[in-house]
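Next comes input_38.cif, a file with mmCIF, C-alpha atoms.
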```
data_my_file
#
loop_
_atom_site.label_atom_id
_atom_site.label_comp_id
_atom_site.auth_asym_id
_atom_site.auth_seq_id
_atom_site.Cartn_x
_atom_site.Cartn_y
_atom_site.Cartn_z
CA MET A 1 -16.74 55.99 12.48
CA LYS A 2 -17.10 52.84 10.43
CA PHE A 3 -13.41 52.98 9.66
CA ILE A 4 -12.48 53.17 13.33
CA VAL A 5 -14.68 50.20 14.13
CA ILE A 6 -13.03 48.14 11.39
CA VAL A 7 -9.57 49.13 12.59
CA LEU A 8 -10.50 48.15 16.15
CA MET A 9 -11.78 44.79 14.92
CA PHE A 10 -8.34 43.95 13.61
CA ALA A 11 -6.43 45.55 16.46
CA GLY A 12 -6.89 42.45 18.61
CA VAL A 13 -5.46 40.03 16.04
CA PRO A 14 -1.80 39.35 16.80
CA ALA A 15 0.59 39.48 13.88
CA VAL A 16 2.42 36.53 15.38
CA ALA A 17 1.17 34.16 18.03
CA GLN A 18 1.94 35.40 21.50
CA THR A 19 4.34 33.89 23.95
CA GLN A 20 4.43 34.79 27.60
CA LEU A 21 8.12 35.09 28.38
CA SER A 22 8.96 38.65 29.34
CA SER A 23 12.35 38.16 30.93
CA ILE A 24 14.37 38.00 27.72
CA SER A 25 16.04 40.82 25.84
CA ALA A 26 14.78 42.23 22.57
CA GLU A 27 17.75 40.75 20.69
CA VAL A 28 17.10 37.25 22.00
CA GLU A 29 13.39 37.64 21.23
CA GLN A 30 14.24 38.73 17.69
CA ALA A 31 16.64 35.82 17.17
CA ALA A 32 14.19 33.35 18.73
CA ARG A 33 11.46 34.60 16.41
CA GLU A 34 13.69 33.89 13.41
CA VAL A 35 14.42 30.39 14.70
CA GLY A 36 10.73 29.85 15.40
CA LYS A 37 9.85 30.80 11.84
CA SER A 38 12.08 28.02 10.55
CA LEU A 39 10.51 25.39 12.81
CA ARG A 40 7.37 23.61 11.72
CA CYS A 41 4.49 23.17 14.10
CA VAL A 42 4.14 19.38 14.35
CA VAL A 43 0.44 19.61 15.15
CA CYS A 44 -0.72 21.82 12.29
CA GLN A 45 2.19 21.02 9.96
CA ASN A 46 1.90 23.87 7.49
CA GLN A 47 2.55 26.67 9.92
CA SER A 48 5.73 27.60 11.68
CA ILE A 49 5.63 27.55 15.47
CA GLU A 50 5.69 31.36 15.39
CA GLU A 51 2.44 31.46 13.44
CA SER A 52 0.65 28.59 15.06
CA ASN A 53 -1.78 28.89 17.94
CA ALA A 54 -1.51 25.21 18.84
CA PRO A 55 -0.64 24.71 22.53
CA LEU A 56 2.37 22.56 21.65
CA ALA A 57 3.68 25.32 19.34
CA ALA A 58 3.38 27.78 22.22
CA ASP A 59 5.43 25.46 24.42
CA MET A 60 7.98 25.06 21.63
CA ARG A 61 8.25 28.83 21.28
CA ARG A 62 8.92 29.14 24.97
CA LEU A 63 11.50 26.36 24.84
CA VAL A 64 13.27 28.03 21.90
CA ARG A 65 13.37 31.33 23.82
CA GLU A 66 14.65 29.66 26.97
CA ARG A 67 17.40 27.90 25.09
CA MET A 68 18.41 31.02 23.21
CA ALA A 69 18.38 33.02 26.44
CA THR A 70 20.99 30.63 27.86
CA GLY A 71 23.22 31.49 24.93
CA GLU A 72 22.49 28.66 22.53
CA SER A 73 22.93 29.49 18.87
CA ARG A 74 20.33 29.18 16.17
CA ASP A 75 22.01 26.01 14.88
CA GLN A 76 22.07 24.43 18.33
CA VAL A 77 18.38 25.00 18.85
CA LEU A 78 17.56 23.70 15.36
CA ALA A 79 19.77 20.68 16.00
CA TYR A 80 17.93 19.92 19.24
CA MET A 81 14.52 20.13 17.62
CA THR A 82 15.65 18.07 14.61
CA ASP A 83 17.08 15.51 17.01
CA ARG A 84 13.65 15.08 18.61
CA TYR A 85 11.31 15.46 15.66
CA GLY A 86 13.46 14.67 12.62
CA ASN A 87 14.00 16.85 9.55
CA PHE A 88 10.28 17.25 9.30
CA VAL A 89 10.29 19.90 12.00
CA ARG A 90 12.32 22.24 9.79
CA MET A 91 10.38 24.41 7.39
CA GLN A 92 13.35 24.25 5.03
CA PRO A 93 14.87 20.77 4.75
CA PRO A 94 18.62 20.70 5.41
CA LEU A 95 21.00 20.13 2.52
CA GLN A 96 22.35 16.62 3.05
CA PHE A 97 22.80 13.39 1.13
CA ASP A 98 19.22 12.14 1.22
CA THR A 99 17.78 15.53 0.35
CA MET A 100 20.04 16.10 -2.68
CA LEU A 101 17.33 15.07 -5.12
CA LEU A 102 14.90 17.43 -3.43
CA TRP A 103 17.26 20.38 -3.64
CA PHE A 104 18.76 19.74 -7.04
CA GLY A 105 15.86 17.94 -8.74
CA PRO A 106 14.49 21.09 -10.35
CA LEU A 107 17.97 21.99 -11.59
CA ILE A 108 18.40 18.49 -13.02
CA PHE A 109 15.10 18.75 -14.84
CA LEU A 110 16.04 22.18 -16.17
CA LEU A 111 19.40 20.88 -17.42
CA ALA A 112 17.76 17.85 -19.04
CA ALA A 113 15.30 20.14 -20.78
CA ALA A 114 18.13 22.39 -21.94
CA VAL A 115 20.12 19.44 -23.29
CA GLY A 116 17.07 18.14 -25.12
CA TRP A 117 16.31 21.55 -26.52
CA VAL A 118 19.85 22.09 -27.77
CA ALA A 119 19.89 18.62 -29.33
CA TYR A 120 16.62 19.43 -31.03
CA LEU A 121 17.76 22.78 -32.40
CA ARG A 122 21.25 21.67 -33.40
CA PRO A 123 21.91 22.17 -37.13
CA GLY A 124 21.36 18.83 -38.82
CA ALA A 125 19.18 17.50 -36.05
CA LYS A 126 16.03 18.66 -37.79
CA ALA A 127 14.31 16.37 -40.24
CA ASN A 128 16.37 17.62 -43.15
CA VAL A 129 15.39 15.16 -45.80
CA SER A 130 18.62 14.65 -47.69
CA LEU A 131 17.76 11.78 -49.92
CA ALA A 132 20.35 9.68 -51.63
CA PRO A 133 20.19 10.13 -55.45
CA LEU A 134 18.09 7.50 -57.15
CA THR A 135 19.81 4.56 -58.67
CA GLU A 136 19.23 3.84 -62.32
CA ALA A 137 16.80 1.03 -61.58
CA GLU A 138 14.83 3.24 -59.19
CA ALA A 139 14.60 6.04 -61.74
CA ALA A 140 13.29 3.62 -64.31
CA GLU A 141 10.70 2.25 -61.86
CA LEU A 142 9.56 5.76 -60.98
CA ALA A 143 9.17 6.69 -64.62
CA ARG A 144 7.21 3.51 -65.27
CA ARG A 145 4.81 4.15 -62.40
CA LEU A 146 4.27 7.78 -63.30
CA GLU A 147 3.37 6.70 -66.81
CA SER A 148 0.88 4.10 -65.63
CA GLY A 149 -1.18 6.82 -63.92
CA GLY A 150 0.47 6.90 -60.50
CA SER A 151 -1.48 3.91 -59.15
CA ALA A 152 1.44 2.71 -57.07
CA MET B 1 14.49 0.52 -49.80
CA THR B 2 12.81 3.68 -48.65
CA PRO B 3 15.40 6.28 -47.72
CA GLN B 4 15.14 7.29 -44.04
CA THR B 5 15.01 10.90 -42.97
CA GLN B 6 18.00 12.03 -40.92
CA ALA B 7 15.93 12.99 -37.86
CA HIS B 8 15.67 9.41 -36.70
CA ALA B 9 19.40 9.01 -36.76
CA VAL B 10 20.01 11.80 -34.21
CA LEU B 11 18.50 10.02 -31.20
CA PRO B 12 18.58 6.25 -30.74
CA LYS B 13 15.16 4.63 -30.81
CA TRP B 14 15.13 3.66 -27.12
CA THR B 15 15.22 7.32 -26.12
CA ALA B 16 11.57 7.53 -27.12
CA ALA B 17 10.84 5.54 -23.95
CA ILE B 18 12.47 8.14 -21.65
CA PRO B 19 9.34 10.24 -21.06
CA ALA B 20 7.31 7.14 -20.27
CA ILE B 21 9.98 5.87 -17.87
CA LEU B 22 10.18 9.26 -16.16
CA LEU B 23 6.42 9.32 -15.82
CA LEU B 24 6.46 5.88 -14.20
CA VAL B 25 9.23 6.81 -11.78
CA ILE B 26 7.68 10.12 -10.74
CA GLY B 27 4.22 8.55 -10.63
CA GLY B 28 5.64 5.83 -8.42
CA PHE B 29 6.98 8.38 -5.95
CA PHE B 30 3.63 10.14 -5.90
CA ALA B 31 1.72 6.89 -5.45
CA TRP B 32 3.95 6.13 -2.47
CA GLY B 33 4.05 9.60 -0.99
CA LEU B 34 0.46 10.68 -1.42
CA THR B 35 -1.06 7.60 0.16
CA ARG B 36 0.85 7.97 3.41
CA ASP B 37 -0.50 9.78 6.45
CA PRO B 38 1.47 13.02 6.70
CA ALA B 39 0.58 13.32 10.38
CA GLU B 40 2.61 10.23 11.16
CA LEU B 41 6.19 11.24 11.73
CA PRO B 42 8.96 8.68 11.94
CA SER B 43 10.24 8.63 15.49
CA THR B 44 13.82 9.62 16.06
CA MET B 45 13.72 8.18 19.58
CA ILE B 46 13.71 4.45 18.85
CA ASP B 47 16.67 2.65 20.47
CA ARG B 48 17.71 5.81 22.25
CA GLU B 49 17.86 6.37 25.94
CA MET B 50 14.84 7.86 27.61
CA PRO B 51 15.75 11.51 28.21
CA ASP B 52 15.94 12.70 31.78
CA PHE B 53 12.79 14.29 32.99
CA ALA B 54 11.37 16.20 35.93
CA LEU B 55 7.63 15.90 36.30
CA THR B 56 5.37 17.46 38.88
CA ARG B 57 2.94 15.64 41.15
CA LEU B 58 -0.55 14.74 40.10
CA THR B 59 -1.77 15.68 43.58
CA PRO B 60 0.32 16.92 46.54
CA GLU B 61 -0.02 13.49 48.18
CA ARG B 62 1.24 11.43 45.24
CA GLU B 63 4.87 11.08 44.26
CA ALA B 64 5.68 12.11 40.71
CA LEU B 65 7.02 9.62 38.18
CA THR B 66 10.82 9.73 37.90
CA LYS B 67 13.25 8.15 35.52
CA GLN B 68 14.42 5.93 38.35
CA ASP B 69 11.02 4.23 38.30
CA LEU B 70 11.59 3.07 34.73
CA LEU B 71 14.90 1.33 35.30
CA GLY B 72 15.32 -2.38 35.99
CA LYS B 73 12.14 -3.55 34.30
CA VAL B 74 10.29 -3.27 31.04
CA SER B 75 7.81 -0.45 31.24
CA LEU B 76 5.18 1.29 29.19
CA VAL B 77 5.00 5.08 29.40
CA ASN B 78 1.69 6.49 28.24
CA VAL B 79 1.32 10.19 27.43
CA PHE B 80 -2.24 11.36 28.05
CA GLY B 81 -4.20 14.47 28.93
CA SER B 82 -7.59 15.24 30.38
CA TRP B 83 -8.28 17.31 27.23
CA CYS B 84 -7.56 14.35 24.93
CA SER B 85 -10.63 12.56 23.60
CA SER B 86 -8.70 9.67 22.04
CA CYS B 87 -7.33 8.97 25.52
CA ILE B 88 -10.86 8.16 26.72
CA LEU B 89 -11.10 5.76 23.80
CA GLU B 90 -7.80 4.15 24.75
CA HIS B 91 -8.53 4.02 28.46
CA PRO B 92 -10.26 0.59 28.70
CA GLN B 93 -7.27 -0.98 26.96
CA LEU B 94 -4.88 0.63 29.45
CA GLU B 95 -6.97 -0.76 32.30
CA ALA B 96 -6.78 -4.21 30.71
CA ILE B 97 -3.00 -3.88 30.37
CA ALA B 98 -2.70 -2.87 34.02
CA GLU B 99 -4.83 -5.84 35.03
CA SER B 100 -2.74 -8.25 32.97
CA ARG B 101 0.36 -7.33 35.03
CA GLU B 102 2.51 -8.05 31.98
CA VAL B 103 4.26 -4.70 32.09
CA ALA B 104 4.71 -1.72 34.40
CA LEU B 105 2.40 0.99 33.13
CA TYR B 106 3.23 4.62 33.87
CA GLY B 107 1.44 7.82 32.94
CA VAL B 108 2.58 11.24 31.79
CA ASP B 109 -0.18 13.78 32.20
CA TRP B 110 0.65 16.19 29.42
CA ARG B 111 -0.30 19.86 29.31
CA ASP B 112 -2.87 19.73 32.05
CA PRO B 113 -3.44 22.42 34.65
CA PRO B 114 -2.94 21.28 38.25
CA GLY B 115 -5.67 18.91 39.37
CA ALA B 116 -7.14 18.26 35.91
CA GLY B 117 -5.27 14.98 35.40
CA ALA B 118 -6.13 13.72 38.87
CA ALA B 119 -9.80 14.53 38.34
CA TRP B 120 -9.75 12.76 34.97
CA LEU B 121 -8.19 9.63 36.49
CA ALA B 122 -10.67 9.74 39.38
CA ARG B 123 -13.49 9.78 36.85
CA TYR B 124 -12.26 7.13 34.42
CA GLY B 125 -10.09 5.01 36.70
CA ASP B 126 -6.33 5.07 37.23
CA PRO B 127 -4.43 2.27 35.45
CA TYR B 128 -0.98 3.76 36.16
CA LEU B 129 1.48 2.62 38.81
CA LYS B 130 2.76 6.16 38.94
CA THR B 131 2.06 9.36 37.07
CA GLY B 132 3.81 12.68 36.59
CA VAL B 133 2.53 15.93 35.17
CA ASP B 134 4.28 17.59 32.23
CA GLY B 135 2.50 20.93 32.33
CA ASP B 136 4.70 22.86 29.89
CA SER B 137 5.53 20.11 27.33
CA ARG B 138 9.19 20.03 28.32
CA PHE B 139 9.28 16.25 28.54
CA ALA B 140 6.86 15.83 25.62
CA ILE B 141 9.14 17.82 23.29
CA ASP B 142 12.14 15.90 24.62
CA LEU B 143 10.31 12.73 23.57
CA GLY B 144 9.27 14.12 20.19
CA VAL B 145 5.59 13.83 21.07
CA THR B 146 3.22 15.42 18.56
CA GLY B 147 -0.12 14.52 20.12
CA ALA B 148 -1.82 12.41 22.75
CA PRO B 149 -2.05 9.57 23.29
CA GLU B 150 1.45 8.36 22.57
CA THR B 151 3.03 5.39 24.27
CA PHE B 152 6.67 4.45 24.66
CA LEU B 153 7.93 0.97 25.43
CA VAL B 154 11.08 1.26 27.53
CA ASP B 155 13.46 -1.61 28.19
CA ARG B 156 15.20 -2.43 31.47
CA ASP B 157 18.13 -0.14 30.66
CA GLY B 158 15.84 2.82 30.09
CA ARG B 159 16.06 2.74 26.32
CA ILE B 160 13.00 3.42 24.17
CA ARG B 161 12.32 0.41 21.99
CA PHE B 162 8.90 1.09 20.50
CA LYS B 163 6.61 4.05 20.09
CA GLN B 164 2.91 4.04 19.40
CA VAL B 165 1.27 7.20 18.08
CA GLY B 166 -2.44 7.15 18.80
CA PRO B 167 -4.48 4.85 21.00
CA ILE B 168 -3.30 1.35 21.85
CA THR B 169 -5.87 -0.98 20.35
CA PRO B 170 -6.53 -4.52 21.60
CA ALA B 171 -4.98 -5.78 18.34
CA LEU B 172 -1.83 -3.71 18.79
CA TRP B 173 -1.49 -4.95 22.34
CA ALA B 174 -1.93 -8.61 21.42
CA ASP B 175 0.01 -8.65 18.14
CA THR B 176 2.79 -6.15 18.72
CA LEU B 177 3.24 -4.88 22.26
CA LEU B 178 2.86 -8.05 24.28
CA PRO B 179 5.22 -10.14 22.09
CA LEU B 180 7.74 -7.27 22.18
CA ILE B 181 7.47 -6.99 25.97
CA ARG B 182 8.09 -10.75 26.34
CA LYS B 183 11.05 -10.48 23.99
CA LEU B 184 12.54 -7.58 25.93
CA GLU B 185 12.05 -9.45 29.19
CA ALA B 186 13.86 -12.45 27.74
CA GLU B 187 16.89 -10.33 26.80
CA PRO B 188 19.93 -11.25 28.87
CA ARG B 189 20.63 -8.89 31.72
#
```
Just give me the structure as structure tokens.
Amino acid sequence: MKFIVIVLMFAGVPAVAQTQLSSISAEVEQAAREVGKSLRCVVCQNQSIEESNAPLAADMRRLVRERMATGESRDQVLAYMTDRYGNFVRMQPPLQFDTMLLWFGPLIFLLAAAVGWVAYLRPGAKANVSLAPLTEAEAAELARRLESGGSA
Amino acid sequence: MTPQTQAHAVLPKWTAAIPAILLLVIGGFFAWGLTRDPAELPSTMIDREMPDFALTRLTPEREALTKQDLLGKVSLVNVFGSWCSSCILEHPQLEAIAESREVALYGVDWRDPPGAGAAWLARYGDPYLKTGVDGDSRFAIDLGVTGAPETFLVDRDGRIRFKQVGPITPALWADTLLPLIRKLEAEPR
């Protein structure tokens, strides 16, 4: 009994936020959902418009579905939204000149670390103390100091 | 003449400063990025033409705002909603702007059910020459609006020249908007 009550408690929670647009096909709905997941809700910012319950996100979902229902591609819809809200509206920033550092930064750091590591491990790079042999004068000085009790 | 160990010869001395330099650069980015308001998005609409829009009437008796209304003069388009508390805060300033007759002030009643915007304006006063209702955010999304109030300054040719996110304050009006309006009006036709 308890179990059924708990199940019923969760039954009302939608897995994704609901949109009231029934006139589109299942394929368009599926595609629109994918597009919606890659669009950021500009009100709540860390949710996609598919997840968000913000009123503006609901309107965006409907707009995405309408546009896709008229035959627009995923890229066209994303381009429209980016045109209006900037790159920010995309959950995944596009790969372009000013986002190069963002995309390849981690790789650059990894490469730099690898280069440093290799340089550090390279034979001869370690502090191998290969001293030049002592000159005659130095040997004499050393002997003198050792004799005087090492108080150098 | 102390003999040096070979380890120092592998990397030039200045390379010891690399970690510190990296720290400064990355720290600089963080200092810049983390002190900005992430809710403030740069507008993509500046210097672009006002998109076409179709708004519905505030009440059956009142004509809805059209794009035609914006052409031929400098105008201020204010996005508001009866649900928006900052709009109440902004409202006295809008009334003052309307009274000053410096610019044509128009309203976009965003995401309001029929009648709600009209009731709100009846209660607080109506500073707008004309208003249209954008019930399903179509125009708001076209404008890149993220919240109310937002205000767009539109030049005579229907191009957006300035966007204010959040309420217009008396200081913003006096220091930014009014000088910009005068400048736009002085532009050759």
Enclose the full set of atoms of stretch 73-85 of chain A listed in the file within a box whose edges lie along x, y and z, apply 4 Å of padding to each of the six sides, and report centre and edge lengths in Å to one decimal as lines of an AutoDock Vina configuration file.
```
center_x = 17.1
center_y = 22.3
center_z = 16.9
size_x = 19.6
size_y = 22.4
size_z = 12.6
```
inquiry  = Using all atoms listed in the file, can you tell me which of A:Arg67, A:Arg145, A:Arg84, A:Lys37 comes closest to chain B?
reply    = A:Arg84
query = Residues picked by the PyMOL selection byres ((chain B and resi 137) around 10) here, as number ranges by chain?
reply = A: 55-60, 62-63; B: 109-112, 133-136, 138-143, 145
Would you export the selected residues with C-alpha atoms as a compact mmCIF listing (two decimals), keeping the file's coordinate frame, please?
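Resulting contents of selection-v4.txt:
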```txt
# COMPACT_ATOMS: atom_id res chain seq x y z
CA PRO A 55 -0.64 24.71 22.53
CA LEU A 56 2.37 22.56 21.65
CA ALA A 57 3.68 25.32 19.34
CA ALA A 58 3.38 27.78 22.22
CA ASP A 59 5.43 25.46 24.42
CA MET A 60 7.98 25.06 21.63
CA ARG A 62 8.92 29.14 24.97
CA LEU A 63 11.50 26.36 24.84
CA ASP B 109 -0.18 13.78 32.20
CA TRP B 110 0.65 16.19 29.42
CA ARG B 111 -0.30 19.86 29.31
CA ASP B 112 -2.87 19.73 32.05
CA VAL B 133 2.53 15.93 35.17
CA ASP B 134 4.28 17.59 32.23
CA GLY B 135 2.50 20.93 32.33
CA ASP B 136 4.70 22.86 29.89
CA ARG B 138 9.19 20.03 28.32
CA PHE B 139 9.28 16.25 28.54
CA ALA B 140 6.86 15.83 25.62
CA ILE B 141 9.14 17.82 23.29
CA ASP B 142 12.14 15.90 24.62
CA LEU B 143 10.31 12.73 23.57
CA VAL B 145 5.59 13.83 21.07
```
message = What does the structure give for the distance between atom CA of B:Ser75 and atom CA of B:Arg156, in Å to one decimal?
response =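 These atoms are spaced 7.7 Å apart.
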request  = Quote the spacing between atom CA of B:Ile181 and atom CA of B:Phe152 in Å to one decimal place.
outcome  = 11.5 Å
task = For atom CA of B:Ile168 and atom CA of B:Pro127, determine how far apart the two atoms are, in Å to one decimal place.
result =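 Atom CA of B:Pro127 lies 13.7 Å from atom CA of B:Ile168.
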Given the file shown, determine the residues that the PyMOL selection byres ((chain B and resi 55) around 8) selects; report them as a JSON list (two decimals) with C-alpha atoms, in the frame of the given file.
```
[["chain", "number", "residue", "atom", "x", "y", "z"],
["B", 53, "PHE", "CA", 12.79, 14.29, 32.99],
["B", 54, "ALA", "CA", 11.37, 16.20, 35.93],
["B", 56, "THR", "CA", 5.37, 17.46, 38.88],
["B", 57, "ARG", "CA", 2.94, 15.64, 41.15],
["B", 64, "ALA", "CA", 5.68, 12.11, 40.71],
["B", 65, "LEU", "CA", 7.02, 9.62, 38.18],
["B", 66, "THR", "CA", 10.82, 9.73, 37.90],
["B", 132, "GLY", "CA", 3.81, 12.68, 36.59],
["B", 133, "VAL", "CA", 2.53, 15.93, 35.17],
["B", 134, "ASP", "CA", 4.28, 17.59, 32.23],
["B", 139, "PHE", "CA", 9.28, 16.25, 28.54]]
```
ask   = Which of these, A:Thr135, A:Ser23, A:Gln92, A:Gln76, has the shortest distance to chain B once you count only C-alpha atoms?
value = A:Thr135
Find the residues around A:Val35 up to 12 Å (only C-alpha atoms counted), leave out those fewer than 5 positions away in its own chain, and share them as a compact mmCIF listing (two decimals) with C-alpha atoms, in the coordinates of the input.
```
# COMPACT_ATOMS: atom_id res chain seq x y z
CA VAL A 28 17.10 37.25 22.00
CA GLU A 29 13.39 37.64 21.23
CA GLN A 30 14.24 38.73 17.69
CA ARG A 40 7.37 23.61 11.72
CA SER A 48 5.73 27.60 11.68
CA ILE A 49 5.63 27.55 15.47
CA GLU A 50 5.69 31.36 15.39
CA MET A 60 7.98 25.06 21.63
CA ARG A 61 8.25 28.83 21.28
CA ARG A 62 8.92 29.14 24.97
CA LEU A 63 11.50 26.36 24.84
CA VAL A 64 13.27 28.03 21.90
CA ARG A 65 13.37 31.33 23.82
CA ARG A 67 17.40 27.90 25.09
CA MET A 68 18.41 31.02 23.21
CA GLU A 72 22.49 28.66 22.53
CA SER A 73 22.93 29.49 18.87
CA ARG A 74 20.33 29.18 16.17
CA ASP A 75 22.01 26.01 14.88
CA GLN A 76 22.07 24.43 18.33
CA VAL A 77 18.38 25.00 18.85
CA LEU A 78 17.56 23.70 15.36
CA ALA A 79 19.77 20.68 16.00
CA TYR A 80 17.93 19.92 19.24
CA MET A 81 14.52 20.13 17.62
CA VAL A 89 10.29 19.90 12.00
CA ARG A 90 12.32 22.24 9.79
CA MET A 91 10.38 24.41 7.39
CA GLN A 92 13.35 24.25 5.03
```
inquiry  = Could you list, as a ChimeraX atom specification, every residue matched by the PyMOL selection byres ((chain B and resi 40) around 10) in this structure?
reply    = /A:42 /B:36-39,41-43,146,165-166
key: Distance criterion (all atoms listed in the file): nearest to chain A out of B:Gly81, B:Gly125, B:Gly72, B:Gly147   =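 Of all the options, B:Gly147 lies closest to chain A.
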